[in-house]
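Below is input_12.cif, which holds mmCIF, C-alpha atoms.
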data_query
#
loop_
_atom_site.label_atom_id
_atom_site.label_comp_id
_atom_site.auth_asym_id
_atom_site.auth_seq_id
_atom_site.Cartn_x
_atom_site.Cartn_y
_atom_site.Cartn_z
CA MET A 1 163.89 21.65 78.81
CA SER A 2 164.76 24.60 76.60
CA SER A 3 166.64 27.58 77.98
CA GLU A 4 165.17 29.89 75.34
CA ILE A 5 162.74 32.54 76.48
CA GLN A 6 159.32 32.01 74.95
CA PRO A 7 157.68 35.16 73.58
CA ASN A 8 154.51 36.31 75.24
CA PRO A 9 151.65 35.44 72.83
CA HIS A 10 149.65 38.52 73.89
CA VAL A 11 152.57 40.84 73.11
CA THR A 12 153.20 39.12 69.77
CA LYS A 13 149.52 39.50 68.82
CA LEU A 14 149.59 43.14 69.85
CA GLN A 15 152.79 43.78 67.86
CA LYS A 16 151.12 42.38 64.75
CA LYS A 17 148.13 44.69 65.26
CA ILE A 18 150.00 47.93 65.94
CA GLY A 19 153.40 47.29 64.37
CA CYS A 20 152.50 48.84 61.03
CA ILE A 21 150.97 51.89 62.71
CA CYS A 22 153.99 52.45 64.97
CA GLN A 23 156.44 52.07 62.09
CA SER A 24 154.35 54.46 59.97
CA ILE A 25 154.46 57.04 62.75
CA ARG A 26 158.23 56.65 62.98
CA TRP A 27 158.66 57.17 59.24
CA MET A 28 156.32 60.17 59.27
CA LEU A 29 158.36 61.76 62.07
CA ILE A 30 161.59 61.25 60.11
CA ILE A 31 160.05 62.59 56.88
CA TRP A 32 158.51 65.59 58.65
CA LEU A 33 161.76 66.62 60.37
CA GLY A 34 163.78 65.95 57.21
CA TRP A 35 161.36 67.96 55.10
CA LEU A 36 161.52 70.95 57.44
CA LEU A 37 165.31 70.80 57.52
CA ALA A 38 165.49 70.54 53.72
CA ILE A 39 163.33 73.66 53.34
CA ILE A 40 165.57 75.61 55.71
CA VAL A 41 168.86 74.37 54.22
CA THR A 42 167.81 74.92 50.61
CA SER A 43 166.80 78.49 51.45
CA TYR A 44 170.47 79.26 52.22
CA PHE A 45 171.53 78.19 48.73
CA GLY A 46 168.92 80.33 47.02
CA ALA A 47 169.31 83.38 49.25
CA ASP A 48 170.15 85.82 46.44
CA ALA A 49 167.20 84.73 44.31
CA ALA A 50 164.84 84.84 47.32
CA VAL A 51 166.05 88.31 48.29
CA ALA A 52 165.49 89.54 44.71
CA LYS A 53 161.93 88.10 44.68
CA LEU A 54 161.10 89.62 48.08
CA ASN A 55 162.52 93.03 47.13
CA ALA A 56 160.34 92.96 44.00
CA LEU A 57 157.19 92.81 46.16
CA PRO A 58 155.45 96.12 46.80
CA SER A 59 155.49 95.63 50.59
CA PHE A 60 159.31 95.57 50.61
CA LYS A 61 159.74 98.55 48.25
CA ASP A 62 160.38 100.96 51.13
CA TYR A 63 162.21 98.40 53.26
CA PRO A 64 164.66 96.46 51.08
CA ILE A 65 166.05 93.16 52.31
CA THR A 66 169.73 92.27 52.24
CA ALA A 67 171.17 88.79 51.77
CA GLN A 68 172.60 88.99 55.28
CA SER A 69 169.22 89.82 56.84
CA TYR A 70 167.62 86.98 54.88
CA VAL A 71 170.19 84.44 56.10
CA SER A 72 169.85 85.75 59.68
CA SER A 73 166.11 85.19 59.57
CA GLN A 74 166.69 81.64 58.31
CA TRP A 75 168.98 80.91 61.28
CA VAL A 76 166.02 81.62 63.54
CA HIS A 77 164.00 79.04 61.60
CA LEU A 78 166.82 76.55 62.10
CA PHE A 79 166.56 77.18 65.85
CA SER A 80 162.82 76.52 65.58
CA TRP A 81 163.57 73.22 63.81
CA LEU A 82 165.96 72.24 66.62
CA CYS A 83 163.15 72.92 69.09
CA ALA A 84 160.86 70.61 67.07
CA THR A 85 163.27 67.65 67.10
CA PRO A 86 162.19 66.53 70.61
CA ILE A 87 158.83 65.65 69.03
CA GLY A 88 160.67 63.10 66.89
CA PHE A 89 162.58 61.67 69.85
CA ALA A 90 159.52 61.49 72.09
CA GLY A 91 157.39 59.93 69.35
CA TRP A 92 160.11 57.39 68.60
CA GLN A 93 160.40 56.40 72.27
CA LEU A 94 156.64 56.12 72.65
CA THR A 95 156.30 53.84 69.64
CA ARG A 96 159.23 51.77 70.93
CA PHE A 97 157.30 51.15 74.15
CA TYR A 98 154.19 50.24 72.19
CA LEU A 99 156.10 47.84 69.94
CA THR A 100 157.37 45.97 72.99
CA GLY A 101 153.80 45.59 74.24
CA ASP A 102 154.25 48.16 77.01
CA ILE A 103 151.11 50.22 76.54
CA LEU A 104 149.35 50.55 79.88
CA SER A 105 152.34 51.42 82.01
CA GLU A 106 153.50 54.52 83.81
CA ALA A 107 156.65 54.56 81.63
CA ALA A 108 154.57 54.64 78.42
CA ALA A 109 152.33 57.35 79.91
CA LEU A 110 155.44 59.38 80.75
CA ARG A 111 156.68 59.05 77.15
CA MET A 112 153.29 60.21 75.90
CA LYS A 113 153.42 63.16 78.31
CA ARG A 114 156.85 64.08 76.94
CA LEU A 115 155.46 63.94 73.39
CA GLY A 116 152.66 66.33 74.33
CA GLN A 117 155.07 68.68 76.09
CA ALA A 118 157.41 68.63 73.09
CA ALA A 119 154.51 69.43 70.75
CA LEU A 120 153.40 72.37 72.89
CA PHE A 121 156.96 73.66 73.26
CA ALA A 122 157.68 73.43 69.51
CA THR A 123 154.40 75.15 68.65
CA ILE A 124 155.04 78.03 71.03
CA VAL A 125 158.61 78.43 69.74
CA GLY A 126 157.29 78.34 66.16
CA ILE A 127 154.85 81.15 66.95
CA LEU A 128 157.55 83.24 68.66
CA VAL A 129 160.02 82.70 65.81
CA ARG A 130 157.82 84.38 63.20
CA PRO A 131 158.04 87.95 64.54
CA ILE A 132 161.75 87.54 65.33
CA SER A 133 162.40 86.28 61.81
CA ALA A 134 160.34 89.12 60.31
CA TRP A 135 162.24 91.68 62.37
CA LEU A 136 165.60 90.23 61.28
CA LEU A 137 164.44 90.13 57.67
CA SER A 138 163.35 93.78 57.54
CA PRO A 139 162.92 95.83 60.72
CA GLY A 140 161.11 98.60 58.83
CA HIS A 141 158.59 96.20 57.32
CA PHE A 142 158.19 94.43 60.69
CA TYR A 143 156.95 97.61 62.37
CA SER A 144 154.36 98.13 59.64
CA MET A 145 152.87 94.61 60.13
CA GLN A 146 149.81 93.80 62.22
CA VAL A 147 150.19 91.43 65.17
CA TRP A 148 147.78 88.83 63.73
CA ASN A 149 150.06 88.41 60.70
CA PHE A 150 152.29 86.25 62.90
CA PHE A 151 149.57 83.71 63.73
CA ALA A 152 148.16 80.95 61.55
CA PRO A 153 145.11 78.69 61.97
CA GLN A 154 147.33 75.61 62.26
CA ASP A 155 148.87 77.13 65.42
CA LEU A 156 145.61 76.55 67.25
CA LEU A 157 145.38 73.04 65.84
CA ASN A 158 148.97 72.27 66.92
CA LEU A 159 148.29 73.60 70.42
CA LEU A 160 145.10 71.52 70.56
CA PHE A 161 147.09 68.45 69.45
CA GLY A 162 149.65 68.99 72.23
CA VAL A 163 146.95 69.45 74.88
CA PHE A 164 145.10 66.38 73.56
CA ILE A 165 148.25 64.24 73.86
CA LEU A 166 148.86 65.56 77.38
CA SER A 167 145.26 64.69 78.28
CA LEU A 168 145.67 61.18 76.89
CA ALA A 169 148.92 60.82 78.84
CA HIS A 170 147.08 61.75 82.03
CA ILE A 171 144.35 59.21 81.24
CA TYR A 172 146.94 56.50 80.43
CA HIS A 173 148.77 57.27 83.67
CA ALA A 174 145.56 56.81 85.66
CA ALA A 175 144.80 53.60 83.72
CA ALA A 176 148.32 52.31 84.44
CA GLU A 177 147.83 52.93 88.16
CA ILE A 178 144.50 51.08 88.08
CA ASN A 179 146.10 48.25 86.07
CA ALA A 180 148.94 47.93 88.61
CA GLU A 181 146.43 47.99 91.47
CA ASN A 182 144.32 45.27 89.82
CA LYS A 183 147.40 43.09 89.32
CA GLY A 184 148.06 43.44 93.06
CA PHE A 185 144.68 41.90 93.84
CA ILE A 186 145.36 38.77 91.81
#
Starting from the file, give its structure as structure tokens.
Amino acid sequence: MSSEIQPNPHVTKLQKKIGCICQSIRWMLIIWLGWLLAIIVTSYFGADAAVAKLNALPSFKDYPITAQSYVSSQWVHLFSWLCATPIGFAGWQLTRFYLTGDILSEAAALRMKRLGQAALFATIVGILVRPISAWLLSPGHFYSMQVWNFFAPQDLLNLLFGVFILSLAHIYHAAAEINAENKGFI
């Protein structure tokens, strides 16, 4: 008799079906966070050129930008990026559960709930960062801007995505409870 643990054939079959999807999601999370960080970091190196371009725009003629104000506004975007990193962690943990075959469990539903919460949190922080960044960039120009200039159509989509994931997490949690109850009957 062998002392080796035999893999569950249902889990192995499931891993083959969703493994590529889960790994793709993981890579997309890494690329997305890396891309955002690269944009923020590279903006520090080109601060003088960016300030010159912005000061050449008619809207900044009366409210010139300094290199210091530009860098300060970029620090706020770095804070926003830090607030988005929990999306990567939560997505990674969720796909880890799925890759082990743990899909209809309360633990997987909790990970999905955390992903939805992280998405909502990062979206709200991203919306709040825009006016703060604009004020740091040029307070005079900030006061001449309209409130709707700080919102973008993708904000609504990102909020919808977060709420959708939270809804799915709630459904998965209920399904996990039913699944556990059904296993108790057998």
Distance of CA of Leu128 in chain A from CA of Gly34 in chain A, expressed in Å to one decimal place: 21.7 Å
Nearby residues (all atoms listed in the file) at most 8 Å from Ala122 in chain A, same-chain spacing under 4 positions excluded, as a ChimeraX atom specification: /A:80,83-84,87,118,126
Residues as selected, C-alpha atoms, written as a PDB file, in the coordinates of the input, can you do that?
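out06.pdb was written with the following content:
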ATOM      1  CA  SER A  80     162.820  76.520  65.580  1.00  0.00           C
ATOM      2  CA  CYS A  83     163.150  72.920  69.090  1.00  0.00           C
ATOM      3  CA  ALA A  84     160.860  70.610  67.070  1.00  0.00           C
ATOM      4  CA  ILE A  87     158.830  65.650  69.030  1.00  0.00           C
ATOM      5  CA  ALA A 118     157.410  68.630  73.090  1.00  0.00           C
ATOM      6  CA  GLY A 126     157.290  78.340  66.160  1.00  0.00           C
TER       7      GLY A 126
END
Length of the CA of Ile30 in chain A to CA of Leu168 in chain A vector [Å]: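 Atom-to-atom, CA of Ile30 in chain A and CA of Leu168 in chain A are spaced 23.1 Å apart.
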Separation of CA of Gln117 in chain A from CA of Ile39 in chain A in Å: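 Between CA of Ile39 in chain A and CA of Gln117 in chain A the gap works out to 24.7 Å.
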Nearby residues (only C-alpha atoms) at most 12 Å from Trp75 in chain A, same-chain spacing under 5 positions excluded, as a PyMOL selection string: chain A and resi 37+40-41+43-44+68-70+80-82+129-130+132-134+136-137
Residues selected by the PyMOL selection byres ((chain A and resi 88) around 10), written as a PDB file with C-alpha atoms, keeping the file's coordinate frame:
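File produced: part_21.pdb:
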ATOM      1  CA  ILE A  25     154.460  57.040  62.750  1.00  0.00           C
ATOM      2  CA  ARG A  26     158.230  56.650  62.980  1.00  0.00           C
ATOM      3  CA  TRP A  27     158.660  57.170  59.240  1.00  0.00           C
ATOM      4  CA  MET A  28     156.320  60.170  59.270  1.00  0.00           C
ATOM      5  CA  LEU A  29     158.360  61.760  62.070  1.00  0.00           C
ATOM      6  CA  ILE A  30     161.590  61.250  60.110  1.00  0.00           C
ATOM      7  CA  TRP A  32     158.510  65.590  58.650  1.00  0.00           C
ATOM      8  CA  LEU A  33     161.760  66.620  60.370  1.00  0.00           C
ATOM      9  CA  ALA A  84     160.860  70.610  67.070  1.00  0.00           C
ATOM     10  CA  THR A  85     163.270  67.650  67.100  1.00  0.00           C
ATOM     11  CA  PRO A  86     162.190  66.530  70.610  1.00  0.00           C
ATOM     12  CA  ILE A  87     158.830  65.650  69.030  1.00  0.00           C
ATOM     13  CA  PHE A  89     162.580  61.670  69.850  1.00  0.00           C
ATOM     14  CA  ALA A  90     159.520  61.490  72.090  1.00  0.00           C
ATOM     15  CA  GLY A  91     157.390  59.930  69.350  1.00  0.00           C
ATOM     16  CA  TRP A  92     160.110  57.390  68.600  1.00  0.00           C
ATOM     17  CA  GLN A  93     160.400  56.400  72.270  1.00  0.00           C
ATOM     18  CA  LEU A  94     156.640  56.120  72.650  1.00  0.00           C
ATOM     19  CA  LEU A 115     155.460  63.940  73.390  1.00  0.00           C
ATOM     20  CA  ALA A 118     157.410  68.630  73.090  1.00  0.00           C
ATOM     21  CA  ALA A 119     154.510  69.430  70.750  1.00  0.00           C
TER      22      ALA A 119
END
Apply the PyMOL selection byres ((chain A and resi 15) around 12) to the structure shown and report the selected residues as an mmCIF file with C-alpha atoms, in the frame of the given file.
data_model
loop_
_atom_site.group_PDB
_atom_site.id
_atom_site.type_symbol
_atom_site.label_atom_id
_atom_site.label_comp_id
_atom_site.auth_asym_id
_atom_site.auth_seq_id
_atom_site.Cartn_x
_atom_site.Cartn_y
_atom_site.Cartn_z
ATOM 1 C CA PRO A 7 157.680 35.160 73.580
ATOM 2 C CA ASN A 8 154.510 36.310 75.240
ATOM 3 C CA PRO A 9 151.650 35.440 72.830
ATOM 4 C CA HIS A 10 149.650 38.520 73.890
ATOM 5 C CA VAL A 11 152.570 40.840 73.110
ATOM 6 C CA THR A 12 153.200 39.120 69.770
ATOM 7 C CA LYS A 13 149.520 39.500 68.820
ATOM 8 C CA LEU A 14 149.590 43.140 69.850
ATOM 9 C CA LYS A 16 151.120 42.380 64.750
ATOM 10 C CA LYS A 17 148.130 44.690 65.260
ATOM 11 C CA ILE A 18 150.000 47.930 65.940
ATOM 12 C CA GLY A 19 153.400 47.290 64.370
ATOM 13 C CA CYS A 20 152.500 48.840 61.030
ATOM 14 C CA ILE A 21 150.970 51.890 62.710
ATOM 15 C CA CYS A 22 153.990 52.450 64.970
ATOM 16 C CA GLN A 23 156.440 52.070 62.090
ATOM 17 C CA THR A 95 156.300 53.840 69.640
ATOM 18 C CA ARG A 96 159.230 51.770 70.930
ATOM 19 C CA PHE A 97 157.300 51.150 74.150
ATOM 20 C CA TYR A 98 154.190 50.240 72.190
ATOM 21 C CA LEU A 99 156.100 47.840 69.940
ATOM 22 C CA THR A 100 157.370 45.970 72.990
ATOM 23 C CA GLY A 101 153.800 45.590 74.240
ATOM 24 C CA ASP A 102 154.250 48.160 77.010
ATOM 25 C CA ILE A 103 151.110 50.220 76.540
#
Give me the residues of range 76-132 of chain A that have any atom at most 7 Å from an atom of range 143-159 of chain A; for each, the nearest atom pair and the distance in Å, rounded to one decimal. Use all atoms listed in the file, sort by chain and number, and format it as JSON lines.
{"residue": "A:Leu120", "atom": "CA", "partner": "A:Leu159", "partner_atom": "CA", "distance": 5.8}
{"residue": "A:Thr123", "atom": "CA", "partner": "A:Asn158", "partner_atom": "CA", "distance": 6.4}
{"residue": "A:Ile127", "atom": "CA", "partner": "A:Phe151", "partner_atom": "CA", "distance": 6.7}
{"residue": "A:Arg130", "atom": "CA", "partner": "A:Phe150", "partner_atom": "CA", "distance": 5.8}
{"residue": "A:Pro131", "atom": "CA", "partner": "A:Phe150", "partner_atom": "CA", "distance": 6.2}
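Between Ala107 in chain A and the candidates A:Leu78, A:Leu57, A:Ala52, A:Ala176, the tightest atom-to-atom separation, counting all atoms listed in the file, involves A:Ala176.
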Selection near Pro64 in chain A, 10 Å with all atoms listed in the file, sequence-local residues under 6 positions removed, as an NGL selection string: :A and (51-52 or 54-57 or 137-141)
Pick from A:Ile124, A:Gly116, A:Asp48, A:Ser59 nearest to Phe161 in chain A, counting all atoms listed in the file: A:Gly116
As a tab-separated table (two decimals), keeping the file's coordinate frame, could you write out range 113-126 of chain A once it has been completed with N, CA and C atoms?
chain	number	residue	atom	x	y	z
A	113	LYS	N	153.41	61.82	77.72
A	113	LYS	CA	153.42	63.16	78.31
A	113	LYS	C	154.56	63.99	77.70
A	114	ARG	N	155.72	63.37	77.54
A	114	ARG	CA	156.85	64.08	76.94
A	114	ARG	C	156.56	64.47	75.50
A	115	LEU	N	155.84	63.62	74.77
A	115	LEU	CA	155.46	63.94	73.39
A	115	LEU	C	154.55	65.16	73.37
A	116	GLY	N	153.56	65.19	74.25
A	116	GLY	CA	152.66	66.33	74.33
A	116	GLY	C	153.38	67.61	74.71
A	117	GLN	N	154.29	67.51	75.68
A	117	GLN	CA	155.07	68.68	76.09
A	117	GLN	C	155.95	69.18	74.95
A	118	ALA	N	156.56	68.25	74.22
A	118	ALA	CA	157.41	68.63	73.09
A	118	ALA	C	156.59	69.31	72.00
A	119	ALA	N	155.38	68.81	71.77
A	119	ALA	CA	154.51	69.43	70.75
A	119	ALA	C	154.11	70.84	71.16
A	120	LEU	N	153.76	71.04	72.42
A	120	LEU	CA	153.40	72.37	72.89
A	120	LEU	C	154.60	73.32	72.82
A	121	PHE	N	155.75	72.85	73.27
A	121	PHE	CA	156.96	73.66	73.26
A	121	PHE	C	157.32	74.09	71.82
A	122	ALA	N	157.32	73.13	70.90
A	122	ALA	CA	157.68	73.43	69.51
A	122	ALA	C	156.68	74.39	68.88
A	123	THR	N	155.42	74.25	69.20
A	123	THR	CA	154.40	75.15	68.65
A	123	THR	C	154.59	76.57	69.16
A	124	ILE	N	154.84	76.71	70.45
A	124	ILE	CA	155.04	78.03	71.03
A	124	ILE	C	156.31	78.68	70.45
A	125	VAL	N	157.38	77.91	70.34
A	125	VAL	CA	158.61	78.43	69.74
A	125	VAL	C	158.35	78.84	68.29
A	126	GLY	N	157.61	78.02	67.55
A	126	GLY	CA	157.29	78.34	66.16
A	126	GLY	C	156.52	79.64	66.03
